[in-house]
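**Student:** Dropping in work39.cif, with mmCIF, C-alpha atoms and all ligand atoms.
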```cif
data_model
#
loop_
_atom_site.label_atom_id
_atom_site.label_comp_id
_atom_site.auth_asym_id
_atom_site.auth_seq_id
_atom_site.Cartn_x
_atom_site.Cartn_y
_atom_site.Cartn_z
CA MET A 1 0.00 0.00 0.00
CA ALA A 2 1.42 3.40 -0.98
CA VAL A 3 0.57 7.10 -0.88
CA LEU A 4 0.48 8.94 -4.20
CA VAL A 5 1.66 12.56 -3.78
CA THR A 6 0.76 14.77 -6.73
CA GLY A 7 2.95 17.87 -6.93
CA GLY A 8 5.33 16.12 -4.55
CA ALA A 9 8.39 17.84 -6.07
CA GLY A 10 7.09 21.23 -4.97
CA TYR A 11 7.86 23.24 -1.85
CA ILE A 12 5.27 21.86 0.60
CA GLY A 13 4.93 18.57 -1.27
CA SER A 14 8.63 17.71 -0.95
CA HIS A 15 8.64 18.41 2.79
CA THR A 16 5.62 16.13 3.15
CA VAL A 17 7.32 13.39 1.08
CA ALA A 18 10.37 13.71 3.36
CA LEU A 19 8.23 13.21 6.49
CA LEU A 20 6.34 10.24 5.01
CA THR A 21 9.67 8.66 4.04
CA GLN A 22 11.09 9.24 7.53
CA GLN A 23 8.04 7.36 8.82
CA GLN A 24 8.84 4.42 6.50
CA ARG A 25 5.67 4.89 4.48
CA ASP A 26 5.70 3.90 0.81
CA VAL A 27 5.44 7.07 -1.28
CA VAL A 28 5.11 7.65 -5.02
CA VAL A 29 5.38 11.12 -6.55
CA LEU A 30 3.63 12.39 -9.69
CA ASP A 31 4.80 15.84 -10.76
CA SER A 32 4.86 17.65 -14.15
CA LEU A 33 8.06 19.48 -13.02
CA GLU A 34 6.56 22.73 -14.37
CA LEU A 35 7.04 24.16 -10.86
CA GLY A 36 8.64 21.30 -8.94
CA THR A 37 12.29 20.31 -8.56
CA LYS A 38 13.10 16.61 -9.08
CA SER A 39 16.20 16.70 -6.86
CA ARG A 40 13.98 17.38 -3.84
CA ILE A 41 12.49 13.89 -4.05
CA ASP A 42 15.33 11.71 -5.35
CA THR A 43 14.66 8.92 -2.87
CA VAL A 44 11.17 7.83 -3.94
CA PRO A 45 9.55 6.39 -7.10
CA PHE A 46 8.77 9.26 -9.43
CA PHE A 47 6.57 9.73 -12.50
CA GLN A 48 6.73 12.90 -14.58
CA GLY A 49 3.31 13.70 -15.95
CA ASN A 50 0.00 15.44 -15.58
CA ILE A 51 -2.84 14.72 -13.15
CA SER A 52 -5.24 14.62 -16.12
CA ASP A 53 -3.44 11.65 -17.67
CA GLU A 54 -5.86 8.90 -16.64
CA ARG A 55 -3.79 6.14 -18.26
CA LEU A 56 -0.75 7.26 -16.24
CA ILE A 57 -2.78 7.37 -13.00
CA GLU A 58 -4.03 3.84 -13.74
CA LYS A 59 -0.48 2.64 -14.38
CA ILE A 60 0.80 4.17 -11.10
CA CYS A 61 -2.11 2.81 -9.06
CA LYS A 62 -1.65 -0.73 -10.39
CA LYS A 63 2.15 -0.77 -10.17
CA HIS A 64 2.37 0.66 -6.63
CA ASP A 65 -0.91 -0.44 -5.01
CA ILE A 66 -1.94 3.16 -4.26
CA THR A 67 -4.50 3.38 -1.44
CA GLU A 68 -4.54 7.12 -0.69
CA VAL A 69 -3.51 10.45 -2.23
CA ILE A 70 -2.18 13.80 -1.13
CA HIS A 71 -3.04 16.28 -3.89
CA PHE A 72 -0.72 19.31 -4.07
CA ALA A 73 -0.47 19.73 -7.84
CA ALA A 74 -1.87 23.14 -8.83
CA TYR A 75 -0.89 26.53 -10.19
CA LYS A 76 -0.69 28.98 -7.27
CA ALA A 77 0.51 32.41 -8.34
CA VAL A 78 -2.21 34.82 -7.21
CA GLY A 79 -1.35 37.64 -9.62
CA GLU A 80 -0.84 35.32 -12.60
CA SER A 81 -4.19 33.66 -11.92
CA MET A 82 -6.00 36.95 -12.53
CA GLU A 83 -4.46 37.17 -16.01
CA GLN A 84 -4.92 33.50 -16.94
CA PRO A 85 -8.31 32.27 -15.62
CA LEU A 86 -8.72 29.64 -18.36
CA ARG A 87 -5.30 28.09 -17.62
CA TYR A 88 -5.93 28.12 -13.86
CA TYR A 89 -9.43 26.64 -13.98
CA ASN A 90 -8.43 24.07 -16.57
CA ASN A 91 -5.36 22.90 -14.63
CA ASN A 92 -6.55 23.23 -11.05
CA VAL A 93 -10.24 22.35 -11.32
CA GLY A 94 -10.31 20.33 -14.54
CA GLY A 95 -7.19 18.43 -13.53
CA THR A 96 -8.65 17.56 -10.13
CA ILE A 97 -11.84 16.23 -11.73
CA ASP A 98 -9.80 14.02 -14.08
CA LEU A 99 -7.62 12.87 -11.17
CA VAL A 100 -10.58 11.90 -8.97
CA ARG A 101 -12.24 10.03 -11.86
CA ALA A 102 -9.08 8.00 -12.46
CA LEU A 103 -8.48 7.34 -8.75
CA LEU A 104 -12.02 6.06 -8.16
CA ALA A 105 -11.73 3.85 -11.26
CA ASN A 106 -8.68 2.28 -9.58
CA GLY A 107 -10.20 1.86 -6.15
CA VAL A 108 -8.54 4.84 -4.41
CA GLU A 109 -11.06 6.47 -2.07
CA ARG A 110 -9.12 8.77 0.31
CA MET A 111 -7.62 12.18 -0.52
CA VAL A 112 -5.89 14.93 1.44
CA PHE A 113 -6.24 18.16 -0.53
CA SER A 114 -3.95 21.19 -0.48
CA SER A 115 -6.30 24.12 -0.02
CA SER A 116 -5.56 27.63 1.23
CA ALA A 117 -6.71 30.30 3.66
CA ALA A 118 -7.03 32.43 0.54
CA VAL A 119 -10.52 30.94 0.16
CA TYR A 120 -11.60 33.31 2.94
CA GLY A 121 -10.51 36.41 1.02
CA ASN A 122 -10.49 39.38 3.41
CA PRO A 123 -12.15 37.88 6.52
CA ALA A 124 -14.48 40.15 8.47
CA SER A 125 -12.99 39.00 11.79
CA VAL A 126 -9.95 37.18 13.13
CA PRO A 127 -9.02 34.60 14.20
CA VAL A 128 -10.65 32.92 11.18
CA THR A 129 -12.85 29.90 11.84
CA GLU A 130 -14.04 27.32 9.28
CA ASP A 131 -17.54 28.75 9.30
CA SER A 132 -16.24 32.11 8.10
CA PRO A 133 -17.74 32.80 4.65
CA LEU A 134 -15.67 31.74 1.62
CA LEU A 135 -15.13 34.98 -0.29
CA PRO A 136 -12.13 34.27 -2.55
CA GLU A 137 -10.67 37.39 -4.14
CA SER A 138 -8.43 35.85 -6.81
CA VAL A 139 -8.91 33.25 -9.53
CA TYR A 140 -6.34 31.10 -7.72
CA ALA A 141 -8.38 31.24 -4.49
CA GLU A 142 -11.63 30.64 -6.44
CA THR A 143 -10.18 27.44 -7.90
CA LYS A 144 -9.26 26.25 -4.40
CA ALA A 145 -12.80 26.94 -3.15
CA VAL A 146 -14.36 25.17 -6.15
CA MET A 147 -12.07 22.16 -5.70
CA GLU A 148 -13.08 21.97 -2.03
CA ARG A 149 -16.76 21.97 -2.98
CA PHE A 150 -16.18 19.38 -5.71
CA LEU A 151 -14.37 17.07 -3.29
CA ALA A 152 -17.10 17.47 -0.68
CA SER A 153 -19.64 16.37 -3.30
CA CYS A 154 -17.52 13.30 -4.09
CA ASP A 155 -18.50 11.75 -0.75
CA ALA A 156 -21.59 10.57 -2.63
CA ILE A 157 -19.44 8.53 -5.04
CA GLY A 158 -17.09 7.09 -2.44
CA MET A 159 -14.17 9.56 -2.23
CA ARG A 160 -13.59 10.86 1.30
CA SER A 161 -11.34 13.89 1.69
CA VAL A 162 -9.72 16.37 4.04
CA SER A 163 -9.15 19.86 2.64
CA LEU A 164 -6.35 21.63 4.52
CA ARG A 165 -6.61 25.44 4.40
CA TYR A 166 -2.99 26.53 4.79
CA PHE A 167 -2.19 29.92 6.20
CA ASN A 168 1.29 31.26 5.34
CA ALA A 169 3.72 28.41 4.85
CA ALA A 170 7.37 29.36 5.34
CA GLY A 171 10.75 27.97 6.41
CA ALA A 172 12.78 24.95 5.33
CA SER A 173 13.76 21.50 6.57
CA ALA A 174 15.71 21.49 9.85
CA ASP A 175 18.66 19.80 8.12
CA SER A 176 18.59 22.41 5.29
CA SER A 177 18.34 19.62 2.72
CA ILE A 178 15.22 21.12 1.12
CA GLY A 179 13.59 24.53 1.18
CA GLU A 180 11.76 27.18 -0.82
CA ASP A 181 13.03 28.30 -4.23
CA TRP A 182 13.00 32.09 -3.99
CA SER A 183 13.04 32.38 -7.77
CA MET A 184 9.55 30.87 -7.81
CA SER A 185 8.02 32.78 -4.91
CA GLN A 186 6.75 36.27 -4.22
CA ASN A 187 6.13 35.44 -0.57
CA LEU A 188 7.54 37.55 2.24
CA VAL A 189 10.02 35.23 3.94
CA PRO A 190 12.06 34.16 0.88
CA LEU A 191 12.10 37.79 -0.31
CA VAL A 192 13.39 38.93 3.10
CA MET A 193 16.23 36.40 2.78
CA LYS A 194 16.97 37.53 -0.78
CA ALA A 195 17.27 41.16 0.40
CA ILE A 196 19.56 40.26 3.33
CA LEU A 197 21.85 38.24 1.05
CA GLY A 198 21.99 40.97 -1.56
CA PHE A 199 20.36 38.99 -4.35
CA SER A 200 17.72 41.70 -4.74
CA GLY A 201 17.33 45.35 -3.95
CA PRO A 202 15.69 46.42 -0.71
CA LEU A 203 12.57 44.54 0.31
CA ASN A 204 9.38 46.47 -0.46
CA VAL A 205 7.20 46.69 2.64
CA PHE A 206 3.75 46.98 1.11
CA GLY A 207 2.28 49.69 3.32
CA ASN A 208 2.69 50.70 6.96
CA ASP A 209 -0.60 52.54 7.33
CA TYR A 210 -2.81 49.59 8.21
CA PRO A 211 -4.88 49.61 11.43
CA THR A 212 -2.41 47.26 13.20
CA PRO A 213 0.00 47.92 16.10
CA ASP A 214 2.96 48.71 13.83
CA GLY A 215 0.97 49.63 10.71
CA THR A 216 1.97 46.55 8.68
CA CYS A 217 -0.16 43.57 7.70
CA ILE A 218 -0.57 40.58 9.99
CA ARG A 219 -0.41 36.93 8.87
CA ASP A 220 -0.22 33.43 10.42
CA TYR A 221 3.19 32.02 9.45
CA ILE A 222 3.37 28.25 9.79
CA HIS A 223 6.53 26.14 9.53
CA VAL A 224 6.52 23.98 6.41
CA GLU A 225 7.50 20.93 8.53
CA ASP A 226 4.50 21.52 10.82
CA LEU A 227 2.40 21.77 7.68
CA ALA A 228 3.80 18.45 6.40
CA ASP A 229 2.80 16.84 9.70
CA ALA A 230 -0.78 18.05 9.25
CA HIS A 231 -0.99 16.11 5.97
CA VAL A 232 0.21 12.91 7.59
CA LYS A 233 -2.30 13.29 10.43
CA ALA A 234 -5.04 13.89 7.85
CA LEU A 235 -4.12 10.62 6.07
CA ASP A 236 -4.34 8.78 9.41
CA TYR A 237 -7.69 10.43 10.18
CA LEU A 238 -9.16 9.22 6.86
CA GLU A 239 -7.64 5.74 7.21
CA GLN A 240 -9.40 5.44 10.59
CA GLY A 241 -12.72 6.19 8.90
CA GLY A 242 -12.95 9.94 9.48
CA ALA A 243 -15.67 11.87 7.65
CA SER A 244 -14.75 14.41 4.98
CA LEU A 245 -13.98 17.91 6.24
CA ALA A 246 -12.22 21.20 5.55
CA CYS A 247 -10.07 22.70 8.30
CA ASN A 248 -7.64 25.54 8.95
CA VAL A 249 -3.95 24.74 9.35
CA GLY A 250 -2.30 27.63 11.16
CA THR A 251 -0.61 28.47 14.45
CA GLY A 252 -3.38 30.77 15.70
CA ARG A 253 -0.77 33.54 16.14
CA GLY A 254 -0.65 36.71 14.02
CA THR A 255 2.70 38.27 13.06
CA SER A 256 3.30 41.58 11.27
CA VAL A 257 5.67 42.22 8.39
CA LEU A 258 7.95 44.34 10.60
CA GLU A 259 8.04 41.59 13.23
CA VAL A 260 9.21 39.14 10.55
CA ILE A 261 11.91 41.62 9.53
CA ASP A 262 12.98 42.08 13.16
CA ILE A 263 13.32 38.33 13.79
CA ALA A 264 15.20 37.92 10.49
CA GLU A 265 17.71 40.59 11.57
CA GLN A 266 18.17 38.90 14.96
CA VAL A 267 18.65 35.43 13.42
CA SER A 268 20.96 36.50 10.56
CA GLY A 269 22.84 39.15 12.53
CA ARG A 270 22.39 41.37 9.48
CA LYS A 271 20.08 44.21 8.46
CA VAL A 272 17.13 43.58 6.15
CA PRO A 273 17.38 46.38 3.60
CA HIS A 274 13.79 47.54 3.15
CA VAL A 275 11.69 50.48 2.00
CA VAL A 276 8.06 51.20 2.72
CA THR A 277 6.01 51.46 -0.46
CA SER A 278 2.29 51.73 -1.20
CA ARG A 279 -0.09 48.99 -0.21
CA ARG A 280 -0.37 45.90 -2.47
CA ALA A 281 -3.86 45.57 -3.97
CA GLY A 282 -5.87 42.79 -2.40
CA ASP A 283 -3.84 42.47 0.81
CA PRO A 284 -6.10 41.85 3.81
CA THR A 285 -5.10 43.78 6.95
CA SER A 286 -5.00 40.77 9.22
CA VAL A 287 -5.49 37.02 8.62
CA TYR A 288 -4.67 34.36 11.18
CA ALA A 289 -6.25 31.02 12.04
CA ASP A 290 -8.46 29.62 14.73
CA PRO A 291 -6.90 26.11 14.79
CA THR A 292 -9.44 24.58 17.19
CA LEU A 293 -10.98 22.18 14.65
CA VAL A 294 -7.72 20.74 13.27
CA ARG A 295 -6.53 20.10 16.82
CA ALA A 296 -9.81 18.45 17.85
CA LEU A 297 -10.26 16.24 14.78
CA LEU A 298 -6.74 15.55 13.51
CA GLY A 299 -4.88 15.93 16.80
CA TRP A 300 -2.53 18.43 15.12
CA LYS A 301 -1.01 21.66 16.41
CA ALA A 302 1.99 23.72 15.39
CA THR A 303 5.14 22.89 17.38
CA ARG A 304 7.54 25.40 15.78
CA ASP A 305 7.43 29.18 16.32
CA LEU A 306 8.36 32.16 14.14
CA ARG A 307 12.01 32.07 15.24
CA ASP A 308 12.19 28.37 14.18
CA ILE A 309 10.68 29.32 10.81
CA ILE A 310 13.07 32.20 10.18
CA THR A 311 16.10 30.25 11.45
CA SER A 312 15.35 27.34 9.10
CA ALA A 313 14.78 29.75 6.20
CA TRP A 314 18.05 31.58 6.94
CA ASN A 315 20.04 28.33 7.21
CA TRP A 316 18.57 27.20 3.88
CA HIS A 317 18.90 30.42 1.86
CA SER A 318 22.29 31.47 3.29
CA LYS A 319 23.82 28.24 1.93
CA ILE A 320 24.04 30.17 -1.34
CA GLU A 321 26.96 32.08 0.17
CA ASN A 322 28.93 28.84 0.41
CA VAL A 323 28.49 27.96 -3.24
C1 LIG B 401 2.60 38.25 3.40
C2 LIG B 401 2.65 39.67 3.90
C3 LIG B 401 2.32 41.33 2.20
C4 LIG B 401 6.01 40.46 -0.01
C5 LIG B 401 -0.19 34.49 -0.37
C6 LIG B 401 -1.34 33.87 -1.06
C7 LIG B 401 -1.87 32.72 -0.25
C8 LIG B 401 -0.76 31.76 0.09
C9 LIG B 401 0.41 32.48 0.73
C10 LIG B 401 -0.89 29.90 -1.42
C11 LIG B 401 1.58 40.55 3.26
C12 LIG B 401 3.73 41.42 2.78
C13 LIG B 401 4.99 40.41 0.93
C14 LIG B 401 6.81 41.62 -0.13
C15 LIG B 401 5.56 42.62 1.67
N1 LIG B 401 -0.32 31.08 -1.07
N2 LIG B 401 4.79 41.47 1.76
N3 LIG B 401 6.56 42.66 0.73
O1 LIG B 401 -0.24 37.46 0.38
O2 LIG B 401 -0.45 36.63 2.79
O3 LIG B 401 -0.60 35.01 0.88
O4 LIG B 401 0.81 33.54 -0.16
O5 LIG B 401 -1.76 29.28 -0.88
O6 LIG B 401 -2.83 32.08 -1.03
O7 LIG B 401 -2.36 34.83 -1.15
O8 LIG B 401 1.57 36.03 1.45
O9 LIG B 401 4.01 36.26 1.61
O10 LIG B 401 2.81 37.37 -0.34
O11 LIG B 401 2.58 38.31 1.96
O12 LIG B 401 5.35 43.58 2.42
O13 LIG B 401 7.74 41.74 -0.98
O14 LIG B 401 3.90 40.23 3.53
O15 LIG B 401 1.78 42.62 2.02
O16 LIG B 401 1.13 41.45 4.25
P1 LIG B 401 0.01 36.40 1.39
P2 LIG B 401 2.81 36.97 1.10
#
```
Would it be possible to restate this file's structure as structure tokens?

**Tutor:**
Amino acid sequence: MAVLVTGGAGYIGSHTVALLTQQQRDVVVLDSLELGTKSRIDTVPFFQGNISDERLIEKICKKHDITEVIHFAAYKAVGESMEQPLRYYNNNVGGTIDLVRALLANGVERMVFSSSAAVYGNPASVPVTEDSPLLPESVYAETKAVMERFLASCDAIGMRSVSLRYFNAAGASADSSIGEDWSMSQNLVPLVMKAILGFSGPLNVFGNDYPTPDGTCIRDYIHVEDLADAHVKALDYLEQGGASLACNVGTGRGTSVLEVIDIAEQVSGRKVPHVVTSRRAGDPTSVYADPTLVRALLGWKATRDLRDIITSAWNWHSKIENV
């Protein structure tokens, strides 16, 4: 019996594959390598291809006795999604429909799905609970919300699922063997590291006039290894017969942009060159999780704090200085 991980060569996928492997679980990765990096997952059986390739899914399921799936594969650039709705809906939503059809045809009936807190849009109150309205504000977030609803409807045809709504994933593996590729991310933490190491100009702080204690936006930064653990606990929950659900995966703590910069300066011992610019369109003032449900149902909670996140990110990105 093996776990199929789609998009397993990606940032969060590869950290989840590493944890499953550490736990001696049989893992198979399917990744198109459009966004993923093969070297991240050199130790497990790998198939390069698309989640819509039903013949390939059948081949993998038969060859490796796949019993469950973690589905990461998706396009996830918020800005790009607004310019390419057809490509995003076709790949993210259409691909997931094709994947589920092929999995059910091969007897696979359990899926952990990579969703996002972006489905909430700009929440009216924080911390965000699962009964907060889904008001996605980008095509990317819309596709995540639609995929969640599609998977929930698949209960009727035998596919049980857990949709994990990630807050802000960041950091790298504790041994610095894998981490985020800053060339493929516009997220805060890798860009902070890039600015410290001089591989970019000063970091743009998108606005310091928000109604927050220091004027900068607040987010819930979660260590990528904690996030990987949530996926494993979701697999166990489904294997034990758990009903389908969607739940937040966050620390429950809000952190501002300037607080991230401050911790990065403490950890690196260097200044983060930065300049305050105008607000970025679409940025909510404050988004952080209420993690009550994930703790109650999956038995998961974050074990690493912001300093752990930033330290792991610094150890990973600063390796470039030794090249
Ligand atoms: C965090 C904070 C920015 C860059 C996005 C997606 C979400 C999820 C995570 C996939 C914000 C500020 C950032 C910079 C800055 N992705 N910032 N200067 O926007 O909260 O969430 O990534 O699931 O779906 O929406 O993450 O890291 O881009 O921004 O000031 O150069 O850092 O304004 O307040 P975000 P982020």

**Student:** Just checking: using only C-alpha atoms, which residue out of A:Phe206, A:Phe47, A:Tyr221, A:Phe150 ends up closest to Asp308 of chain A?

**Tutor:**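 Checking each candidate against Asp308 of chain A, we get A:Tyr221 as the closest.
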
**Student:** Pick out the residues sitting within 10 Å of Thr303 of chain A, and hand them over as number ranges by chain; count all atoms listed in the file, and ignore anything fewer than 6 positions along from it in its own chain.

**Tutor:** A: 222-223, 225-226, 251

**Student:** Residues of chain A that have any atom at most 6 Å from an atom of ligand LIG 401 (chain B): could you tabulate them with the shortest-distance atom pair and the distance in Å to one decimal, using only C-alpha atoms and all ligand atoms, ordered by chain and increasing number, as a Markdown table?

**Tutor:**
```
| residue | atom | partner | partner_atom | distance |
| --- | --- | --- | --- | --- |
| A:Lys76 | CA | B:LIG401 | C10 | 5.9 |
| A:Ser116 | CA | B:LIG401 | O5 | 4.6 |
| A:Ala118 | CA | B:LIG401 | O6 | 4.5 |
| A:Asn168 | CA | B:LIG401 | C9 | 4.8 |
| A:Gln186 | CA | B:LIG401 | O10 | 5.6 |
| A:Asn187 | CA | B:LIG401 | O9 | 3.1 |
| A:Leu188 | CA | B:LIG401 | O9 | 3.8 |
| A:Leu191 | CA | B:LIG401 | O13 | 5.9 |
| A:Leu203 | CA | B:LIG401 | O13 | 5.7 |
| A:Asn204 | CA | B:LIG401 | N3 | 4.9 |
| A:Val205 | CA | B:LIG401 | O12 | 3.6 |
| A:Phe206 | CA | B:LIG401 | O12 | 4.0 |
| A:Cys217 | CA | B:LIG401 | O16 | 4.2 |
| A:Val257 | CA | B:LIG401 | O14 | 5.5 |
| A:Arg280 | CA | B:LIG401 | O15 | 6.0 |
| A:Asp283 | CA | B:LIG401 | O15 | 5.8 |
```

**Student:** Nearest residue to Met159 of chain A out of A:Glu109, A:Asp42, A:Glu265, A:Asp53, using only C-alpha atoms?

**Tutor:**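 Nearest to Met159 of chain A: A:Glu109.
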
**Student:** Using all atoms listed in the file, which of the listed residues (A:Ser256, A:Gln23, A:Ser312, A:Asn50) sits closest to Asp229 of chain A?

**Tutor:**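 Closest to Asp229 of chain A, using all atoms listed in the file: A:Gln23.
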
**Student:** With distances taken over all atoms listed in the file, which residue among A:Arg55, A:His231, A:Arg87, A:Lys63 lies nearest Leu20 of chain A?

**Tutor:**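 Going through A:Arg55, A:His231, A:Arg87, A:Lys63 one by one, the smallest distance to Leu20 of chain A is for A:His231.
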
**Student:** Which one of A:Met111, A:Leu235, A:Leu245, A:Ile196 sits closest to Glu321 of chain A if you count all atoms listed in the file?

**Tutor:**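 The answer is A:Ile196, which sits nearest to Glu321 of chain A.
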
**Student:** Give me, as a list in words, all polymer residues having an atom no more than 12 Å from Leu19 of chain A, counting all atoms listed in the file and skipping those fewer than 4 positions away in the same chain.

**Tutor:**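 Non-adjacent residues within range: Gly8, Ile12, Gly13, Ser14, His15, Gln23, Gln24, Arg25, Asp26, Val27, Ile41, Ser173, Ala174, Ile178, Val224, Glu225, Asp226, Leu227, Ala228, Asp229, Ala230, His231, Val232 and Lys233 of chain A.
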
**Student:** Selection from above, C-alpha atoms, as a PDB file, in the coordinates of the input, can you write it?

**Tutor:**
```
ATOM      1  CA  GLY A   8       5.330  16.120  -4.550  1.00  0.00           C
ATOM      2  CA  ILE A  12       5.270  21.860   0.600  1.00  0.00           C
ATOM      3  CA  GLY A  13       4.930  18.570  -1.270  1.00  0.00           C
ATOM      4  CA  SER A  14       8.630  17.710  -0.950  1.00  0.00           C
ATOM      5  CA  HIS A  15       8.640  18.410   2.790  1.00  0.00           C
ATOM      6  CA  GLN A  23       8.040   7.360   8.820  1.00  0.00           C
ATOM      7  CA  GLN A  24       8.840   4.420   6.500  1.00  0.00           C
ATOM      8  CA  ARG A  25       5.670   4.890   4.480  1.00  0.00           C
ATOM      9  CA  ASP A  26       5.700   3.900   0.810  1.00  0.00           C
ATOM     10  CA  VAL A  27       5.440   7.070  -1.280  1.00  0.00           C
ATOM     11  CA  ILE A  41      12.490  13.890  -4.050  1.00  0.00           C
ATOM     12  CA  SER A 173      13.760  21.500   6.570  1.00  0.00           C
ATOM     13  CA  ALA A 174      15.710  21.490   9.850  1.00  0.00           C
ATOM     14  CA  ILE A 178      15.220  21.120   1.120  1.00  0.00           C
ATOM     15  CA  VAL A 224       6.520  23.980   6.410  1.00  0.00           C
ATOM     16  CA  GLU A 225       7.500  20.930   8.530  1.00  0.00           C
ATOM     17  CA  ASP A 226       4.500  21.520  10.820  1.00  0.00           C
ATOM     18  CA  LEU A 227       2.400  21.770   7.680  1.00  0.00           C
ATOM     19  CA  ALA A 228       3.800  18.450   6.400  1.00  0.00           C
ATOM     20  CA  ASP A 229       2.800  16.840   9.700  1.00  0.00           C
ATOM     21  CA  ALA A 230      -0.780  18.050   9.250  1.00  0.00           C
ATOM     22  CA  HIS A 231      -0.990  16.110   5.970  1.00  0.00           C
ATOM     23  CA  VAL A 232       0.210  12.910   7.590  1.00  0.00           C
ATOM     24  CA  LYS A 233      -2.300  13.290  10.430  1.00  0.00           C
TER      25      LYS A 233
END
```

**Student:** Give the answer as one residue: which of A:Gly198, A:Gly179, A:Pro213, A:Gly171 has the shortest atom-to-atom distance to Arg270 of chain A, using all atoms listed in the file?

**Tutor:** A:Gly198

**Student:** With 4 Å of padding per side, what axis-aligned box (centre and edge lengths, Å, one decimal) covers all the listed atoms of segment 72-77 of chain A? Give it as AutoDock Vina command-line options.

**Tutor:**
```
--center_x -0.7 --center_y 25.9 --center_z -7.1 --size_x 10.4 --size_y 21.1 --size_z 14.1
```

**Student:** Compile the contact shell of Asp155 of chain A as a list in words: residues with an atom at most 9 Å away, counting all atoms listed in the file, same-chain residues fewer than 4 positions apart removed.

**Tutor:**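 Final neighbour list, sorted by chain and number: Leu151, Met159, Arg160, Ser161, Ala243 and Ser244 of chain A.
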
**Student:** Atom CA of Val275 of chain A to atom CA of Val189 of chain A: how many Å, to one decimal?

**Tutor:**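 Value for the atom CA of Val275 of chain A-atom CA of Val189 of chain A distance: 15.5 Å.
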
**Student:** So how many Å separate atom CA of Pro202 of chain A and atom CA of Ser183 of chain A, to one decimal?

**Tutor:**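 Interatomic distance, atom CA of Pro202 of chain A to atom CA of Ser183 of chain A: 15.9 Å.
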
**Student:** Hey, what's within 12 Å of Leu293 of chain A if we count all atoms listed in the file and toss same-chain stuff fewer than 3 positions away? As a list in words, please?

**Tutor:** Val128, Thr129, Glu130, Asp131, Leu164, Arg165, Leu245, Ala246, Cys247, Asn248, Val249, Gly250, Gly252, Ala289, Asp290, Ala296, Leu297, Leu298, Gly299, Trp300 and Lys301 of chain A
